[in-house]
file model.pdb (PDB, C-alpha atoms)
ATOM      1  CA  MET M   1      -3.417  -3.527  -1.245  1.00  0.00           C
ATOM      2  CA  LYS M   2      -1.071  -6.394  -0.776  1.00  0.00           C
ATOM      3  CA  THR M   3       2.124  -5.924   1.193  1.00  0.00           C
ATOM      4  CA  THR M   4       4.027  -7.598  -1.643  1.00  0.00           C
ATOM      5  CA  LEU M   5       3.370  -4.666  -3.953  1.00  0.00           C
ATOM      6  CA  LEU M   6       6.467  -2.700  -2.968  1.00  0.00           C
ATOM      7  CA  PRO M   7       8.938  -5.582  -3.597  1.00  0.00           C
ATOM      8  CA  LEU M   8       7.081  -6.413  -6.821  1.00  0.00           C
ATOM      9  CA  CYS M   9       7.371  -2.805  -7.892  1.00  0.00           C
ATOM     10  CA  LEU M  10      11.059  -2.692  -7.051  1.00  0.00           C
ATOM     11  CA  PHE M  11      11.852  -5.702  -9.221  1.00  0.00           C
ATOM     12  CA  THR M  12       9.391  -5.474 -12.103  1.00  0.00           C
ATOM     13  CA  LEU M  13       8.622  -1.802 -12.600  1.00  0.00           C
ATOM     14  CA  ALA M  14      12.114  -0.361 -12.209  1.00  0.00           C
ATOM     15  CA  CYS M  15      11.191   1.715  -9.160  1.00  0.00           C
ATOM     16  CA  THR M  16      13.985   3.417  -7.322  1.00  0.00           C
ATOM     17  CA  PRO M  17      13.208   4.381  -3.747  1.00  0.00           C
ATOM     18  CA  MET M  18      15.768   6.794  -2.407  1.00  0.00           C
ATOM     19  CA  THR M  19      15.979   9.031   0.614  1.00  0.00           C
ATOM     20  CA  SER M  20      17.981  12.220   0.382  1.00  0.00           C
ATOM     21  CA  THR M  21      18.704  14.832   2.982  1.00  0.00           C
ATOM     22  CA  GLY M  22      18.849  18.491   2.146  1.00  0.00           C
ATOM     23  CA  SER M  23      20.154  19.889  -1.114  1.00  0.00           C
ATOM     24  CA  ASN M  24      22.753  17.743  -2.845  1.00  0.00           C
ATOM     25  CA  GLY M  25      23.263  19.595  -6.110  1.00  0.00           C
ATOM     26  CA  ASN M  26      20.707  17.513  -8.043  1.00  0.00           C
ATOM     27  CA  ALA M  27      17.493  18.875  -9.489  1.00  0.00           C
ATOM     28  CA  PRO M  28      15.546  21.004  -7.012  1.00  0.00           C
ATOM     29  CA  VAL M  29      12.864  19.353  -4.900  1.00  0.00           C
ATOM     30  CA  PRO M  30       9.437  20.110  -6.413  1.00  0.00           C
ATOM     31  CA  SER M  31       7.390  22.428  -4.205  1.00  0.00           C
ATOM     32  CA  LEU M  32       3.630  22.804  -4.023  1.00  0.00           C
ATOM     33  CA  SER M  33       4.099  26.525  -3.397  1.00  0.00           C
ATOM     34  CA  SER M  34       5.473  26.913  -6.936  1.00  0.00           C
ATOM     35  CA  GLY M  35       1.936  26.850  -8.343  1.00  0.00           C
ATOM     36  CA  ALA M  36       2.925  24.111 -10.794  1.00  0.00           C
ATOM     37  CA  PHE M  37       0.746  21.509  -9.077  1.00  0.00           C
ATOM     38  CA  LEU M  38      -2.972  20.874  -8.869  1.00  0.00           C
ATOM     39  CA  THR M  39      -3.428  20.780  -5.100  1.00  0.00           C
ATOM     40  CA  GLN M  40      -5.423  17.934  -3.608  1.00  0.00           C
ATOM     41  CA  ASP M  41      -6.902  17.146  -0.194  1.00  0.00           C
ATOM     42  CA  VAL M  42      -4.263  15.378   1.966  1.00  0.00           C
ATOM     43  CA  SER M  43      -6.988  13.247   3.583  1.00  0.00           C
ATOM     44  CA  LEU M  44      -7.179  11.339   0.265  1.00  0.00           C
ATOM     45  CA  LEU M  45      -3.758   9.853   1.094  1.00  0.00           C
ATOM     46  CA  ASP M  46      -5.079   8.076   4.186  1.00  0.00           C
ATOM     47  CA  LEU M  47      -1.913   8.813   6.194  1.00  0.00           C
ATOM     48  CA  SER M  48      -2.276   8.883   9.972  1.00  0.00           C
ATOM     49  CA  GLY M  49       0.678  11.108  10.858  1.00  0.00           C
ATOM     50  CA  ALA M  50       2.163   8.215  12.851  1.00  0.00           C
ATOM     51  CA  GLU M  51       4.510   7.275   9.982  1.00  0.00           C
ATOM     52  CA  THR M  52       8.162   8.162   9.546  1.00  0.00           C
ATOM     53  CA  LEU M  53       9.052   9.886   6.266  1.00  0.00           C
ATOM     54  CA  ASP M  54      10.216   6.582   4.748  1.00  0.00           C
ATOM     55  CA  GLU M  55       7.018   4.827   5.875  1.00  0.00           C
ATOM     56  CA  ALA M  56       4.924   7.673   4.453  1.00  0.00           C
ATOM     57  CA  ALA M  57       6.850   7.453   1.159  1.00  0.00           C
ATOM     58  CA  ALA M  58       6.124   3.706   0.926  1.00  0.00           C
ATOM     59  CA  ALA M  59       2.431   4.380   1.671  1.00  0.00           C
ATOM     60  CA  VAL M  60       2.266   7.041  -1.065  1.00  0.00           C
ATOM     61  CA  GLN M  61       3.849   4.636  -3.532  1.00  0.00           C
ATOM     62  CA  GLN M  62       1.458   1.859  -2.555  1.00  0.00           C
ATOM     63  CA  ARG M  63      -1.514   4.231  -2.884  1.00  0.00           C
ATOM     64  CA  PHE M  64      -0.690   5.299  -6.445  1.00  0.00           C
ATOM     65  CA  SER M  65       1.106   2.279  -7.930  1.00  0.00           C
ATOM     66  CA  SER M  66      -0.750   0.015 -10.296  1.00  0.00           C
ATOM     67  CA  ASN M  67      -1.925  -3.362  -9.001  1.00  0.00           C
ATOM     68  CA  GLU M  68      -1.412  -4.772 -12.474  1.00  0.00           C
ATOM     69  CA  PRO M  69       1.805  -5.082 -14.497  1.00  0.00           C
ATOM     70  CA  VAL M  70       2.230  -2.137 -16.871  1.00  0.00           C
ATOM     71  CA  GLU M  71       3.415  -2.803 -20.399  1.00  0.00           C
ATOM     72  CA  GLY M  72       5.930  -0.816 -22.390  1.00  0.00           C
ATOM     73  CA  GLY M  73       8.497   1.604 -21.016  1.00  0.00           C
ATOM     74  CA  TYR M  74       6.776   2.232 -17.681  1.00  0.00           C
ATOM     75  CA  SER M  75       9.004   3.251 -14.788  1.00  0.00           C
ATOM     76  CA  GLU M  76       8.416   4.636 -11.339  1.00  0.00           C
ATOM     77  CA  THR M  77      10.733   6.695  -9.164  1.00  0.00           C
ATOM     78  CA  LEU M  78      10.174   7.404  -5.479  1.00  0.00           C
ATOM     79  CA  ASN M  79      12.246  10.049  -3.684  1.00  0.00           C
ATOM     80  CA  ALA M  80      12.012  11.307  -0.117  1.00  0.00           C
ATOM     81  CA  TYR M  81      13.740  14.564   0.796  1.00  0.00           C
ATOM     82  CA  GLN M  82      14.340  15.905   4.286  1.00  0.00           C
ATOM     83  CA  ALA M  83      15.600  19.310   5.383  1.00  0.00           C
ATOM     84  CA  ASP M  84      15.261  20.580   8.937  1.00  0.00           C
ATOM     85  CA  SER M  85      11.668  20.031  10.071  1.00  0.00           C
ATOM     86  CA  ARG M  86      10.236  19.583   6.552  1.00  0.00           C
ATOM     87  CA  GLY M  87       9.995  16.561   4.295  1.00  0.00           C
ATOM     88  CA  THR M  88       8.844  15.975   0.738  1.00  0.00           C
ATOM     89  CA  VAL M  89       7.944  12.739  -1.057  1.00  0.00           C
ATOM     90  CA  VAL M  90       7.956  12.728  -4.852  1.00  0.00           C
ATOM     91  CA  LEU M  91       6.533   9.797  -6.811  1.00  0.00           C
ATOM     92  CA  THR M  92       7.031  10.025 -10.584  1.00  0.00           C
ATOM     93  CA  GLN M  93       5.447   7.571 -13.009  1.00  0.00           C
ATOM     94  CA  ASP M  94       6.822   7.707 -16.574  1.00  0.00           C
ATOM     95  CA  GLY M  95       5.858   5.856 -19.744  1.00  0.00           C
ATOM     96  CA  LEU M  96       2.176   5.560 -18.880  1.00  0.00           C
ATOM     97  CA  PRO M  97       0.090   3.507 -21.328  1.00  0.00           C
ATOM     98  CA  ASP M  98      -2.159   6.498 -22.057  1.00  0.00           C
ATOM     99  CA  ASP M  99      -2.336   8.325 -25.374  1.00  0.00           C
ATOM    100  CA  SER M 100      -2.698  11.729 -23.687  1.00  0.00           C
ATOM    101  CA  VAL M 101      -0.811  11.557 -20.342  1.00  0.00           C
ATOM    102  CA  SER M 102       2.760  10.268 -20.576  1.00  0.00           C
ATOM    103  CA  SER M 103       3.934  10.983 -17.000  1.00  0.00           C
ATOM    104  CA  VAL M 104       2.376  11.819 -13.642  1.00  0.00           C
ATOM    105  CA  GLN M 105       4.063  13.233 -10.568  1.00  0.00           C
ATOM    106  CA  TYR M 106       2.665  13.164  -7.026  1.00  0.00           C
ATOM    107  CA  VAL M 107       4.241  15.479  -4.450  1.00  0.00           C
ATOM    108  CA  VAL M 108       3.426  15.291  -0.751  1.00  0.00           C
ATOM    109  CA  GLU M 109       4.854  17.762   1.748  1.00  0.00           C
ATOM    110  CA  PHE M 110       5.254  16.987   5.449  1.00  0.00           C
ATOM    111  CA  ASP M 111       6.001  18.612   8.780  1.00  0.00           C
ATOM    112  CA  LEU M 112       8.525  16.448  10.633  1.00  0.00           C
ATOM    113  CA  ARG M 113       7.890  16.192  14.369  1.00  0.00           C
ATOM    114  CA  PRO M 114       9.523  14.207  17.178  1.00  0.00           C
ATOM    115  CA  ASP M 115       7.510  11.182  18.279  1.00  0.00           C
ATOM    116  CA  THR M 116       6.588  11.775  21.923  1.00  0.00           C
ATOM    117  CA  GLN M 117       6.248   8.001  22.432  1.00  0.00           C
ATOM    118  CA  VAL M 118       9.545   6.786  20.939  1.00  0.00           C
ATOM    119  CA  GLU M 119      12.801   8.619  21.516  1.00  0.00           C
ATOM    120  CA  GLY M 120      14.714   9.398  18.326  1.00  0.00           C
ATOM    121  CA  ARG M 121      11.770   8.631  16.034  1.00  0.00           C
ATOM    122  CA  VAL M 122      10.529  11.436  13.777  1.00  0.00           C
ATOM    123  CA  LEU M 123       6.980  11.440  12.443  1.00  0.00           C
ATOM    124  CA  ALA M 124       5.858  12.870   9.116  1.00  0.00           C
ATOM    125  CA  VAL M 125       2.544  14.752   9.151  1.00  0.00           C
ATOM    126  CA  ALA M 126       1.222  15.477   5.650  1.00  0.00           C
ATOM    127  CA  THR M 127       0.531  19.180   5.106  1.00  0.00           C
ATOM    128  CA  GLY M 128       0.064  19.365   1.332  1.00  0.00           C
ATOM    129  CA  TYR M 129      -0.456  17.139  -1.680  1.00  0.00           C
ATOM    130  CA  GLY M 130      -0.457  17.937  -5.377  1.00  0.00           C
ATOM    131  CA  THR M 131      -0.192  16.420  -8.826  1.00  0.00           C
ATOM    132  CA  ARG M 132       1.024  17.411 -12.268  1.00  0.00           C
ATOM    133  CA  GLN M 133       1.494  15.588 -15.566  1.00  0.00           C
ATOM    134  CA  LYS M 134       3.203  15.625 -18.931  1.00  0.00           C
ATOM    135  CA  CYS M 135       0.852  15.632 -21.900  1.00  0.00           C
ATOM    136  CA  ALA M 136       1.874  13.438 -24.824  1.00  0.00           C
ATOM    137  CA  ARG M 137       0.015  15.584 -27.386  1.00  0.00           C
ATOM    138  CA  ALA M 138       1.020  18.988 -25.992  1.00  0.00           C
ATOM    139  CA  ALA M 139       3.163  21.505 -27.892  1.00  0.00           C
ATOM    140  CA  ASP M 140       5.966  20.599 -25.455  1.00  0.00           C
ATOM    141  CA  PRO M 141       5.451  16.951 -24.409  1.00  0.00           C
ATOM    142  CA  LEU M 142       8.353  17.192 -21.927  1.00  0.00           C
ATOM    143  CA  ALA M 143       6.837  20.085 -19.948  1.00  0.00           C
ATOM    144  CA  TRP M 144       5.016  19.490 -16.650  1.00  0.00           C
ATOM    145  CA  THR M 145       1.541  20.997 -16.343  1.00  0.00           C
ATOM    146  CA  ASN M 146      -1.240  21.053 -13.792  1.00  0.00           C
ATOM    147  CA  ALA M 147      -3.864  21.541 -16.520  1.00  0.00           C
ATOM    148  CA  PRO M 148      -5.814  18.648 -18.059  1.00  0.00           C
ATOM    149  CA  CYS M 149      -4.147  17.049 -21.058  1.00  0.00           C
ATOM    150  CA  PRO M 150      -5.721  17.406 -24.531  1.00  0.00           C
TER     151      PRO M 150
END

call {"tool": "encode", "arguments": {"input": "model.pdb", "output": "structure tokens"}}
result
Amino acid sequence: MKTTLLPLCLFTLACTPMTSTGSNGNAPVPSLSSGAFLTQDVSLLDLSGAETLDEAAAAVQQRFSSNEPVEGGYSETLNAYQADSRGTVVLTQDGLPDDSVSSVQYVVEFDLRPDTQVEGRVLAVATGYGTRQKCARAADPLAWTNAPCP
């Protein structure tokens, strides 16, 4: 993918990258252990473990963002959360141009470890990855599910 994708996304797709630390009173950080996600193989993300949490978040966004402009009310939100030695990246895509799936959420969990090569640098090693979606034709179209959409 092109390195210009992230700036393009920021200006044309209404993406909002944000890094938060710990709990700040907002909605809880989604967790793969909740059972609400369809778990995936972390090797599909093609992360090396040599990235910081912010670098890993940008890589996740680049991996799942569209190369083409998306019409309509499409928006993308990228959040990175850090607490102690754990990190979580959440990429949410809303307003998808699909008649069955209206939103998709990707959650990647990380162990945060000190970089032995660079003092003060913390590396993010992916330990889990999952997805869920909102189904446009479901009984509750605002509910997240890990089941296929009708």

call {"tool": "closest_residue", "arguments": {"input": "model.pdb", "among": "M:Leu96, M:Leu112, M:Val70, M:Val104", "to": "Asn146 of chain M", "atoms": "all atoms listed in the file"}}
result
M:Val104

call {"tool": "residues_around", "arguments": {"input": "model.pdb", "residues": "Ser34 of chain M", "least_positions_apart": "5", "cutoff": "12 Å", "atoms": "only C-alpha atoms", "output": "VMD selection string"}}
result
chain M and resid 28 to 29 39 107 130 132 145 to 146

call {"tool": "write_last_selection", "arguments": {"input": "model.pdb", "atoms": "C-alpha atoms", "output": "PDB file, in the coordinates of the input"}}
result
ATOM      1  CA  PRO M  28      15.546  21.004  -7.012  1.00  0.00           C
ATOM      2  CA  VAL M  29      12.864  19.353  -4.900  1.00  0.00           C
ATOM      3  CA  THR M  39      -3.428  20.780  -5.100  1.00  0.00           C
ATOM      4  CA  VAL M 107       4.241  15.479  -4.450  1.00  0.00           C
ATOM      5  CA  GLY M 130      -0.457  17.937  -5.377  1.00  0.00           C
ATOM      6  CA  ARG M 132       1.024  17.411 -12.268  1.00  0.00           C
ATOM      7  CA  THR M 145       1.541  20.997 -16.343  1.00  0.00           C
ATOM      8  CA  ASN M 146      -1.240  21.053 -13.792  1.00  0.00           C
TER       9      ASN M 146
END

call {"tool": "resolve_selection", "arguments": {"input": "model.pdb", "expression": "the PyMOL selection byres ((chain M and resi 125) around 9)", "output": "PyMOL selection string"}}
result
chain M and resi 47-53+56+109-113+123-124+126-127

call {"tool": "resolve_selection", "arguments": {"input": "model.pdb", "expression": "the PyMOL selection byres ((chain M and resi 45) around 9)", "output": "MDAnalysis selection string"}}
result
chainID M and resid 41:44 46:47 59:60 63 126 129

call {"tool": "atom_distance", "arguments": {"input": "model.pdb", "atom1": "atom CA of Ser85 of chain M", "atom2": "atom CA of Thr116 of chain M"}}
result
15.3 Å

call {"tool": "resolve_selection", "arguments": {"input": "model.pdb", "expression": "the PyMOL selection byres ((chain M and resi 142) around 12)", "output": "PyMOL selection string"}}
result
chain M and resi 94-95+101-104+133-141+143-145

call {"tool": "atom_distance", "arguments": {"input": "model.pdb", "atom1": "atom CA of Glu55 of chain M", "atom2": "atom CA of Gln40 of chain M"}}
result
20.4 Å

call {"tool": "closest_residue", "arguments": {"input": "model.pdb", "among": "M:Leu38, M:Tyr74, M:Gln61, M:Gln105", "to": "Pro148 of chain M", "atoms": "all atoms listed in the file"}}
result
M:Leu38

call {"tool": "closest_residue", "arguments": {"input": "model.pdb", "among": "M:Phe37, M:Gln62, M:Val122, M:Pro97", "to": "Ser75 of chain M", "atoms": "all atoms listed in the file"}}
result
M:Pro97

call {"tool": "decode", "arguments": {"input": "model.pdb", "residues": "segment 126-140 of chain M", "atoms": "N, CA and C atoms", "output": "mmCIF file, in the first residue's frame"}}
result
data_model
loop_
_atom_site.group_PDB
_atom_site.id
_atom_site.type_symbol
_atom_site.label_atom_id
_atom_site.label_comp_id
_atom_site.auth_asym_id
_atom_site.auth_seq_id
_atom_site.Cartn_x
_atom_site.Cartn_y
_atom_site.Cartn_z
ATOM 1 N N ALA M 126 1.720 -8.266 18.964
ATOM 2 C CA ALA M 126 0.324 -8.681 18.835
ATOM 3 C C ALA M 126 0.115 -10.058 19.456
ATOM 4 N N THR M 127 -0.913 -10.162 20.298
ATOM 5 C CA THR M 127 -1.229 -11.428 20.963
ATOM 6 C C THR M 127 -2.619 -11.945 20.607
ATOM 7 N N GLY M 128 -3.459 -11.101 20.037
ATOM 8 C CA GLY M 128 -4.811 -11.515 19.674
ATOM 9 C C GLY M 128 -5.415 -10.541 18.688
ATOM 10 N N TYR M 129 -6.304 -11.063 17.848
ATOM 11 C CA TYR M 129 -6.941 -10.249 16.817
ATOM 12 C C TYR M 129 -8.336 -10.800 16.589
ATOM 13 N N GLY M 130 -9.319 -9.917 16.526
ATOM 14 C CA GLY M 130 -10.684 -10.351 16.286
ATOM 15 C C GLY M 130 -11.502 -9.302 15.562
ATOM 16 N N THR M 131 -12.630 -9.749 15.032
ATOM 17 C CA THR M 131 -13.526 -8.859 14.296
ATOM 18 C C THR M 131 -14.965 -9.073 14.758
ATOM 19 N N ARG M 132 -15.773 -8.057 14.537
ATOM 20 C CA ARG M 132 -17.216 -8.150 14.725
ATOM 21 C C ARG M 132 -17.847 -7.127 13.797
ATOM 22 N N GLN M 133 -19.162 -7.225 13.596
ATOM 23 C CA GLN M 133 -19.845 -6.324 12.681
ATOM 24 C C GLN M 133 -21.259 -6.019 13.154
ATOM 25 N N LYS M 134 -21.816 -4.985 12.549
ATOM 26 C CA LYS M 134 -23.229 -4.654 12.736
ATOM 27 C C LYS M 134 -23.938 -5.023 11.438
ATOM 28 N N CYS M 135 -25.041 -5.718 11.572
ATOM 29 C CA CYS M 135 -25.791 -6.194 10.411
ATOM 30 C C CYS M 135 -26.964 -5.262 10.122
ATOM 31 N N ALA M 136 -26.987 -4.721 8.923
ATOM 32 C CA ALA M 136 -28.014 -3.748 8.545
ATOM 33 C C ALA M 136 -29.414 -4.341 8.581
ATOM 34 N N ARG M 137 -29.557 -5.627 8.274
ATOM 35 C CA ARG M 137 -30.885 -6.250 8.210
ATOM 36 C C ARG M 137 -31.211 -7.089 9.449
ATOM 37 N N ALA M 138 -30.454 -6.923 10.508
ATOM 38 C CA ALA M 138 -30.696 -7.686 11.738
ATOM 39 C C ALA M 138 -31.869 -7.081 12.513
ATOM 40 N N ALA M 139 -32.400 -7.847 13.461
ATOM 41 C CA ALA M 139 -33.483 -7.341 14.316
ATOM 42 C C ALA M 139 -33.039 -6.076 15.037
ATOM 43 N N ASP M 140 -31.779 -6.039 15.479
ATOM 44 C CA ASP M 140 -31.204 -4.842 16.097
ATOM 45 C C ASP M 140 -29.992 -4.427 15.274
#
